[in-house]
>>> print(open('start.txt').read())   # compact mmCIF, C-alpha atoms
# COMPACT_ATOMS: atom_id res chain seq x y z
CA THR A 1 86.74 44.83 21.71
CA MET A 2 87.00 42.35 24.56
CA ASP A 3 88.47 39.59 22.37
CA GLY A 4 90.89 41.99 20.67
CA VAL A 5 89.23 41.86 17.22
CA ASN A 6 88.25 45.05 15.47
CA PRO A 7 84.74 44.59 14.01
CA PHE A 8 85.31 47.48 11.59
CA ALA A 9 88.50 46.04 10.18
CA LYS A 10 88.49 44.98 6.50
CA ARG A 11 88.12 41.27 6.10
CA ASP A 12 88.79 38.98 3.16
CA PRO A 13 85.73 37.98 1.17
CA PRO A 14 84.51 34.41 1.77
CA SER A 15 85.43 31.74 -0.70
CA LYS A 16 82.94 30.48 -3.27
CA THR A 17 82.55 27.23 -1.43
CA GLU A 18 80.93 29.06 1.48
CA TYR A 19 78.03 30.42 -0.65
CA TYR A 20 74.91 28.24 -0.50
CA THR A 21 71.49 28.94 -1.94
CA PRO A 22 68.51 27.41 -0.04
CA ILE A 23 66.16 25.69 -2.41
CA SER A 24 63.72 23.34 -0.65
CA ARG A 25 62.96 21.52 2.54
CA SER A 26 61.65 17.99 2.58
CA GLY A 27 61.08 15.89 5.65
CA GLU A 28 64.01 16.27 8.02
CA THR A 29 66.73 17.21 5.44
CA MET A 30 67.77 20.69 4.31
CA THR A 31 68.88 20.78 0.66
CA PHE A 32 71.27 23.47 -0.54
CA PHE A 33 72.91 24.19 -3.86
CA ARG A 34 76.47 25.39 -4.34
CA PRO A 35 76.85 27.46 -7.49
CA GLN A 36 79.50 26.29 -9.89
CA LYS A 37 81.04 28.27 -12.66
CA GLN A 38 78.40 30.71 -13.89
CA LYS A 39 77.83 31.60 -17.51
CA ALA A 40 77.61 35.33 -17.93
CA ALA A 41 75.88 35.28 -21.33
CA SER A 42 73.06 32.91 -20.47
CA LYS A 43 70.33 33.06 -17.92
CA PRO A 44 69.74 30.10 -15.68
CA ALA A 45 67.05 27.76 -16.97
CA ALA A 46 64.07 27.27 -14.72
CA SER A 47 63.80 23.83 -13.23
CA SER A 48 60.63 21.78 -13.12
CA TYR A 49 60.06 23.02 -9.57
CA GLY A 50 60.02 26.69 -10.55
CA THR A 51 63.13 27.62 -8.43
CA GLY A 52 64.97 29.57 -11.11
CA ILE A 53 68.15 27.47 -10.60
CA GLY A 54 69.53 25.83 -13.67
CA ASP A 55 71.31 22.56 -14.29
CA ASP A 56 74.72 24.20 -13.63
CA CYS A 57 74.14 24.08 -9.90
CA GLU A 58 75.49 21.31 -7.77
CA ALA A 59 73.18 19.93 -5.10
CA VAL A 60 74.57 19.49 -1.66
CA ASP A 61 72.48 17.69 1.05
CA VAL A 62 73.15 18.84 4.53
CA THR A 63 71.46 16.90 7.30
CA ASP A 64 69.50 19.29 9.41
CA THR A 65 66.91 18.00 11.84
CA VAL A 66 63.69 19.99 11.66
CA PRO A 67 62.20 20.78 15.05
CA GLU A 68 59.56 18.29 16.16
CA ALA A 69 56.96 21.07 16.56
CA LYS A 70 57.25 21.95 12.87
CA ILE A 71 57.01 18.30 11.87
CA GLY A 72 53.82 18.01 13.88
CA GLN A 73 52.42 21.11 12.20
CA THR A 74 53.19 19.67 8.78
CA LYS A 75 51.48 16.37 9.57
CA ASN A 76 48.46 18.16 10.99
CA SER A 77 48.17 20.36 7.91
CA ARG A 78 48.23 17.26 5.66
CA GLU A 79 45.70 15.40 7.75
CA SER A 80 43.39 18.42 7.79
CA THR A 81 43.09 18.26 3.99
CA ARG A 82 41.90 14.63 4.05
CA PRO A 83 38.09 14.02 4.00
CA VAL A 84 36.64 13.20 7.37
CA GLU A 85 35.13 9.73 7.46
CA GLN A 86 31.89 9.39 9.39
CA PRO A 87 31.62 6.45 11.74
CA ARG A 88 29.38 3.64 10.53
CA GLY A 89 27.27 3.99 13.64
CA ASP A 90 26.25 7.51 12.66
CA ILE A 91 25.36 6.41 9.12
CA SER A 92 23.15 3.57 10.33
CA GLU A 93 21.46 5.90 12.79
CA ARG A 94 20.67 8.37 10.02
CA GLU A 95 19.33 5.59 7.79
CA ARG A 96 17.09 4.38 10.60
CA ALA A 97 15.80 7.92 11.16
CA LEU A 98 15.07 8.28 7.43
CA LYS A 99 13.16 4.98 7.40
CA GLU A 100 11.10 6.09 10.39
CA ARG A 101 10.36 9.34 8.62
CA GLU A 102 9.26 7.51 5.49
CA GLU A 103 7.01 5.25 7.57
CA GLN A 104 5.42 8.26 9.22
CA LEU A 105 4.77 9.81 5.80
CA ARG A 106 3.13 6.58 4.60
CA ARG A 107 0.87 6.48 7.64
CA ARG A 108 0.00 10.10 7.11
CA GLU A 109 -0.88 9.46 3.48
CA ALA A 110 -3.04 6.49 4.51
CA GLU A 111 -4.86 8.63 7.07
CA LEU A 112 -5.43 11.35 4.49
CA GLY A 113 -6.72 8.72 2.08
CA MET A 114 -9.19 7.46 4.69
CA VAL A 115 -10.37 10.98 5.38
CA GLU A 116 -10.80 11.63 1.67
CA ARG A 117 -12.72 8.39 1.30
CA GLU A 118 -14.98 9.27 4.21
CA ILE A 119 -15.64 12.65 2.64
CA LYS A 120 -16.57 10.96 -0.60
CA HIS A 121 -18.89 8.63 1.29
CA LEU A 122 -20.85 11.71 2.26
CA LYS A 123 -21.62 12.11 -1.43
CA PRO A 124 -23.68 9.07 -2.59
CA ASN A 125 -23.26 8.08 -6.22
CA TRP A 126 -25.36 4.91 -6.51
CA PRO A 127 -27.60 3.76 -8.17
CA PHE A 128 -27.99 6.93 -10.25
CA GLU A 129 -26.49 10.39 -10.12
CA TRP A 130 -29.93 11.97 -10.07
CA TYR A 131 -31.14 9.52 -7.39
CA ALA A 132 -28.14 8.48 -5.29
CA ILE A 133 -28.65 6.78 -1.94
CA GLU A 134 -25.24 5.21 -1.19
CA TYR A 135 -21.60 5.40 -2.19
CA HIS A 136 -20.45 2.47 -4.34
CA ASP A 137 -17.25 2.28 -6.41
CA ILE A 138 -15.57 -1.09 -6.94
CA ASP A 139 -12.65 0.29 -8.96
CA GLU A 140 -11.69 2.77 -6.23
CA GLU A 141 -12.44 0.97 -2.98
CA ILE A 142 -11.81 -2.72 -3.67
CA PRO A 143 -8.17 -3.97 -3.81
CA SER A 144 -6.86 -4.85 -7.25
CA GLY A 145 -6.75 -8.60 -6.59
CA LYS A 146 -10.42 -8.70 -5.53
CA LYS A 147 -12.02 -6.45 -8.12
CA ALA A 148 -12.86 -9.24 -10.57
CA MET A 149 -14.61 -11.30 -7.89
CA MET A 150 -16.47 -8.26 -6.59
CA LYS A 151 -17.73 -7.44 -10.09
CA ARG A 152 -18.99 -11.00 -10.47
CA LEU A 153 -20.89 -10.67 -7.22
CA TYR A 154 -22.32 -7.36 -8.39
CA MET A 155 -23.52 -9.07 -11.58
CA ASN A 156 -24.98 -11.78 -9.36
CA LEU A 157 -26.90 -9.09 -7.47
CA LEU A 158 -28.31 -7.54 -10.65
CA MET A 159 -29.37 -10.94 -11.98
CA THR A 160 -31.16 -11.66 -8.69
CA TRP A 161 -33.07 -8.40 -8.96
CA GLY A 162 -34.00 -9.15 -12.55
CA ALA A 163 -35.19 -12.66 -11.67
CA LEU A 164 -37.33 -11.32 -8.81
CA PHE A 165 -38.98 -8.80 -11.12
CA ILE A 166 -39.66 -11.34 -13.89
CA ASN A 167 -41.03 -13.77 -11.31
CA TRP A 168 -43.47 -11.12 -10.11
CA ILE A 169 -44.63 -10.55 -13.72
CA ALA A 170 -45.10 -14.31 -14.11
CA MET A 171 -47.27 -14.48 -10.99
CA LEU A 172 -49.41 -11.63 -12.33
CA GLY A 173 -49.80 -13.55 -15.60
CA ILE A 174 -50.98 -16.64 -13.74
CA TRP A 175 -53.53 -14.53 -11.85
CA PHE A 176 -54.85 -12.86 -15.02
CA SER A 177 -55.13 -16.23 -16.74
CA GLY A 178 -57.87 -17.21 -14.26
CA ASP A 179 -55.89 -19.70 -12.22
CA GLN A 180 -57.32 -20.11 -8.73
CA SER A 181 -53.87 -19.94 -7.16
CA GLY A 182 -53.12 -16.69 -9.00
CA PRO A 183 -53.96 -14.27 -6.14
CA SER A 184 -51.86 -16.08 -3.58
CA TYR A 185 -48.99 -16.46 -6.06
CA THR A 186 -49.15 -12.75 -6.81
CA LEU A 187 -49.12 -11.89 -3.11
CA TRP A 188 -46.09 -14.02 -2.46
CA GLY A 189 -44.39 -12.74 -5.61
CA THR A 190 -44.89 -9.20 -4.32
CA MET A 191 -43.42 -10.13 -0.98
CA TYR A 192 -40.41 -11.59 -2.74
CA LEU A 193 -39.63 -8.11 -4.04
CA ILE A 194 -38.37 -7.37 -0.54
CA GLY A 195 -35.36 -9.38 -1.66
CA ILE A 196 -34.22 -6.45 -3.80
CA PRO A 197 -33.09 -4.30 -0.85
CA GLY A 198 -32.57 -7.46 1.21
CA ALA A 199 -29.93 -8.85 -1.17
CA TRP A 200 -28.17 -5.50 -1.16
CA LYS A 201 -28.03 -5.21 2.62
CA LEU A 202 -27.76 -8.84 3.71
CA TRP A 203 -25.08 -10.34 1.48
CA TYR A 204 -23.75 -7.85 -1.09
CA ARG A 205 -22.68 -5.01 1.19
CA PRO A 206 -21.11 -7.36 3.77
CA ILE A 207 -18.82 -8.96 1.19
CA TYR A 208 -18.14 -5.51 -0.30
CA PHE A 209 -16.96 -4.19 3.07
CA ALA A 210 -15.14 -7.45 3.81
CA TYR A 211 -13.01 -7.02 0.68
CA ARG A 212 -12.57 -3.31 1.23
CA ASP A 213 -11.62 -3.42 4.92
CA LYS A 214 -10.31 -7.03 5.07
CA THR A 215 -12.60 -7.95 7.97
CA THR A 216 -13.50 -11.57 8.64
CA LEU A 217 -16.64 -10.68 10.58
CA ARG A 218 -18.17 -9.12 7.47
CA TYR A 219 -17.21 -12.25 5.58
CA PHE A 220 -18.96 -14.35 8.23
CA CYS A 221 -22.18 -12.35 7.73
CA PHE A 222 -21.88 -12.86 3.99
CA VAL A 223 -21.43 -16.64 4.35
CA ILE A 224 -24.63 -17.02 6.38
CA SER A 225 -26.83 -14.78 4.23
CA PHE A 226 -25.45 -15.94 0.88
CA ALA A 227 -25.93 -19.61 1.80
CA PHE A 228 -29.63 -18.85 2.34
CA HIS A 229 -29.64 -16.90 -0.94
CA CYS A 230 -28.26 -19.91 -2.84
CA PHE A 231 -30.92 -22.18 -1.34
CA PHE A 232 -33.67 -19.69 -2.26
CA VAL A 233 -32.64 -19.26 -5.92
CA VAL A 234 -32.32 -23.02 -6.42
CA VAL A 235 -35.87 -23.51 -5.11
CA MET A 236 -37.14 -20.71 -7.36
CA ALA A 237 -35.38 -22.24 -10.41
CA LEU A 238 -37.02 -25.60 -9.76
CA GLY A 239 -40.44 -23.90 -9.38
CA LEU A 240 -41.70 -26.07 -6.53
CA PRO A 241 -45.51 -26.05 -6.15
CA ASN A 242 -47.16 -23.55 -3.81
CA CYS A 243 -43.94 -21.49 -3.60
CA ALA A 244 -44.94 -18.72 -6.06
CA ALA A 245 -41.82 -19.62 -8.05
CA GLY A 246 -41.83 -19.16 -11.79
CA GLY A 247 -39.49 -22.08 -12.33
CA LEU A 248 -39.47 -25.36 -14.16
CA MET A 249 -42.45 -27.08 -12.51
CA THR A 250 -44.64 -23.99 -12.69
CA MET A 251 -43.88 -23.60 -16.39
CA VAL A 252 -44.84 -27.23 -17.07
CA GLN A 253 -48.06 -26.77 -15.11
CA GLN A 254 -49.06 -23.67 -17.13
CA PHE A 255 -48.44 -25.48 -20.40
CA ALA A 256 -50.53 -28.41 -19.11
CA VAL A 257 -53.56 -26.26 -18.20
CA GLY A 258 -53.45 -24.46 -21.53
CA ASN A 259 -52.12 -21.03 -20.56
CA PRO A 260 -49.43 -20.41 -23.19
CA LYS A 261 -48.97 -16.72 -22.30
CA SER A 262 -48.38 -17.30 -18.62
CA ALA A 263 -46.31 -20.38 -19.52
CA PHE A 264 -44.05 -18.22 -21.70
CA VAL A 265 -43.54 -15.69 -18.90
CA THR A 266 -42.76 -18.46 -16.43
CA PHE A 267 -40.30 -19.85 -18.98
CA LEU A 268 -38.45 -16.53 -18.92
CA ALA A 269 -38.52 -16.58 -15.11
CA MET A 270 -37.13 -20.12 -15.13
CA ILE A 271 -34.19 -19.03 -17.30
CA GLY A 272 -33.52 -16.09 -15.00
CA TRP A 273 -33.66 -18.20 -11.84
CA GLY A 274 -31.56 -20.98 -13.36
CA ALA A 275 -28.77 -18.62 -14.47
CA THR A 276 -28.84 -16.85 -11.09
CA ALA A 277 -28.68 -20.17 -9.21
CA ILE A 278 -25.71 -21.44 -11.23
CA LEU A 279 -23.80 -18.16 -10.88
CA SER A 280 -24.59 -17.93 -7.13
CA VAL A 281 -23.30 -21.44 -6.37
CA LEU A 282 -20.10 -20.86 -8.39
CA ASN A 283 -19.47 -17.49 -6.76
CA PHE A 284 -20.07 -18.90 -3.29
CA LYS A 285 -17.53 -21.65 -3.85
CA LYS A 286 -14.96 -19.28 -5.33
CA VAL A 287 -15.28 -16.75 -2.51
CA GLN A 288 -14.79 -19.49 0.07
CA ASN A 289 -11.68 -20.71 -1.76
CA GLU A 290 -10.20 -17.20 -1.87
CA TRP A 291 -10.69 -16.60 1.84
CA GLY A 292 -9.54 -20.13 2.62
CA LYS A 293 -6.21 -19.45 0.91
CA GLU A 294 -5.76 -16.47 3.24
CA GLY A 295 -6.21 -18.72 6.27
CA VAL A 296 -9.80 -17.70 7.02
CA ASP A 297 -12.14 -20.55 7.93
CA MET A 298 -15.06 -21.09 10.25
CA THR A 299 -12.74 -21.94 13.14
CA SER A 300 -10.87 -18.63 12.92
CA ILE A 301 -14.14 -16.73 12.43
CA THR A 302 -15.64 -18.36 15.51
CA GLN A 303 -12.55 -17.53 17.54
CA GLN A 304 -12.68 -13.91 16.41
CA LEU A 305 -16.37 -13.71 17.32
CA ARG A 306 -15.58 -14.98 20.80
CA ASN A 307 -12.87 -12.38 21.18
CA GLU A 308 -15.21 -9.63 20.04
CA VAL A 309 -17.92 -10.72 22.47
CA ARG A 310 -15.41 -10.99 25.30
CA ASP A 311 -13.92 -7.56 24.58
CA THR A 312 -17.38 -6.00 24.32
CA LEU A 313 -19.21 -7.67 27.18
CA GLY A 314 -16.23 -8.08 29.51
CA PRO A 315 -16.05 -4.43 30.63
CA VAL A 316 -19.85 -4.30 30.96
CA ALA A 317 -19.88 -7.39 33.17
CA ALA A 318 -17.04 -5.99 35.29
CA GLU A 319 -18.98 -2.76 35.83
CA VAL A 320 -22.08 -4.71 36.84
CA VAL A 321 -20.08 -6.79 39.35
CA ARG A 322 -18.43 -3.71 40.86
CA GLY A 323 -21.80 -2.01 41.15
CA SER A 324 -23.38 -4.99 42.93
CA VAL A 325 -20.45 -5.29 45.33
CA ALA A 326 -20.59 -1.59 46.16
>>> encode(input="start.txt", output="structure tokens")
Amino acid sequence: TMDGVNPFAKRDPPSKTEYYTPISRSGETMTFFRPQKQKAASKPAASSYGTGIGDDCEAVDVTDTVPEAKIGQTKNSRESTRPVEQPRGDISERERALKEREEQLRRREAELGMVEREIKHLKPNWPFEWYAIEYHDIDEEIPSGKKAMMKRLYMNLLMTWGALFINWIAMLGIWFSGDQSGPSYTLWGTMYLIGIPGAWKLWYRPIYFAYRDKTTLRYFCFVISFAFHCFFVVVMALGLPNCAAGGLMTMVQQFAVGNPKSAFVTFLAMIGWGATAILSVLNFKKVQNEWGKEGVDMTSITQQLRNEVRDTLGPVAAEVVRGSVA
């Protein structure tokens, strides 16, 4: 060879101190073990790391810098096993999107409920199933906090109808008893029967829709018509003369002229009108207190009426002005 050494020449075997067994690599240090005196009869005991090297090995630490590229690969492999944390911005964005989705679902359910209610309105259920003219269901349409008051007003309506009917019977009794005012009383008593559909349309349905839809304009219509209703039932309970009212004064008059039968019927009418008057006044006061607690008074109702008139007539007036200018 060029350096004068024969590569095929027999060489002495290396000493035992030159034999090293690689075991592990940690961080930047290479760890080797130099075998000591081996026991021929026993097998090496496995260490806790599963290397197969027993306790009769001597550890020798040799500093060996691991290349920086391998260190980087080791760090990257460790970091890749860690869970990836999402930024808080992404989490809040997802929560906001979920809330918007929930709100859309609520609106959709409300719209479906309105459609279902409108479909049901096409199927009247009141006053009887075999003779239904309108849809009426307090338990389904009226909010839970207003159901008790609405049922009291419905009872008020039924009592008014009953008092009107008994009053008409009383006027017929006065006519059949031979009283000269009987025909006119009966005529007026018959006309009062218009109050049966009138009470339903003028004050009961407005407050029904006001509670159902939470509209102050409906409440305003109820206030006007029910105030007149209260005045009417009080007059009928008193039985003022020449009013065709089977109330207190009319009953006394029939007893005075000696008509016990007609007097008894007018007594029943007086009880009906008196109970209706008391219940009407109490209900009127309670309804006003309920709406007053919600901030609804005559001032706010008047302002809303002005806004409605302005929004309705404003475009019409503008069209008229543009047409006249053109």
>>> atom_distance(input="start.txt", atom1="atom CA of A:Ile169", atom2="atom CA of A:Ile224")
29.1 Å
>>> atom_distance(input="start.txt", atom1="atom CA of A:Tyr131", atom2="atom CA of A:Ala148")
26.4 Å
>>> residues_around(input="start.txt", residues="A:Ala199", least_positions_apart="2", cutoff="9 Å", atoms="only C-alpha atoms", output="PyMOL selection string")
chain A and resi 157+160-161+194-197+201-205+225-226+229
>>> closest_residue(input="start.txt", among="A:Ser262, A:Thr312, A:Ile138, A:Pro183", to="A:Ile207", atoms="only C-alpha atoms")
A:Ile138
>>> residues_around(input="start.txt", residues="A:Arg212", least_positions_apart="6", cutoff="7 Å", atoms="all atoms listed in the file", output="list in words")
Glu141, Ile142 and Pro143 of chain A
>>> residues_around(input="start.txt", residues="A:Met191", least_positions_apart="2", cutoff="12 Å", atoms="all atoms listed in the file", output="ChimeraX atom specification")
/A:164-165,167-168,171,184-189,193-198,243-245
>>> closest_residue(input="start.txt", among="A:Val265, A:Tyr192, A:Leu313, A:Val223", to="A:Lys286", atoms="all atoms listed in the file")
A:Val223
>>> closest_residue(input="start.txt", among="A:Gly113, A:Pro206, A:Gly246, A:Gly182", to="A:Ala170", atoms="all atoms listed in the file")
A:Gly246
>>> closest_residue(input="start.txt", among="A:Ala97, A:Val296, A:Val257, A:Ile301", to="A:Ile174", atoms="all atoms listed in the file")
A:Val257
>>> atom_distance(input="start.txt", atom1="atom CA of A:Met236", atom2="atom CA of A:Ala210")
28.0 Å
>>> residues_around(input="start.txt", residues="A:Met251", least_positions_apart="4", cutoff="9 Å", atoms="only C-alpha atoms", output="number ranges by chain")
A: 239, 246-247, 255-256, 262-267, 269-270
>>> closest_residue(input="start.txt", among="A:Ala237, A:Ser280, A:Arg310, A:Glu290", to="A:Met155", atoms="all atoms listed in the file")
A:Ser280
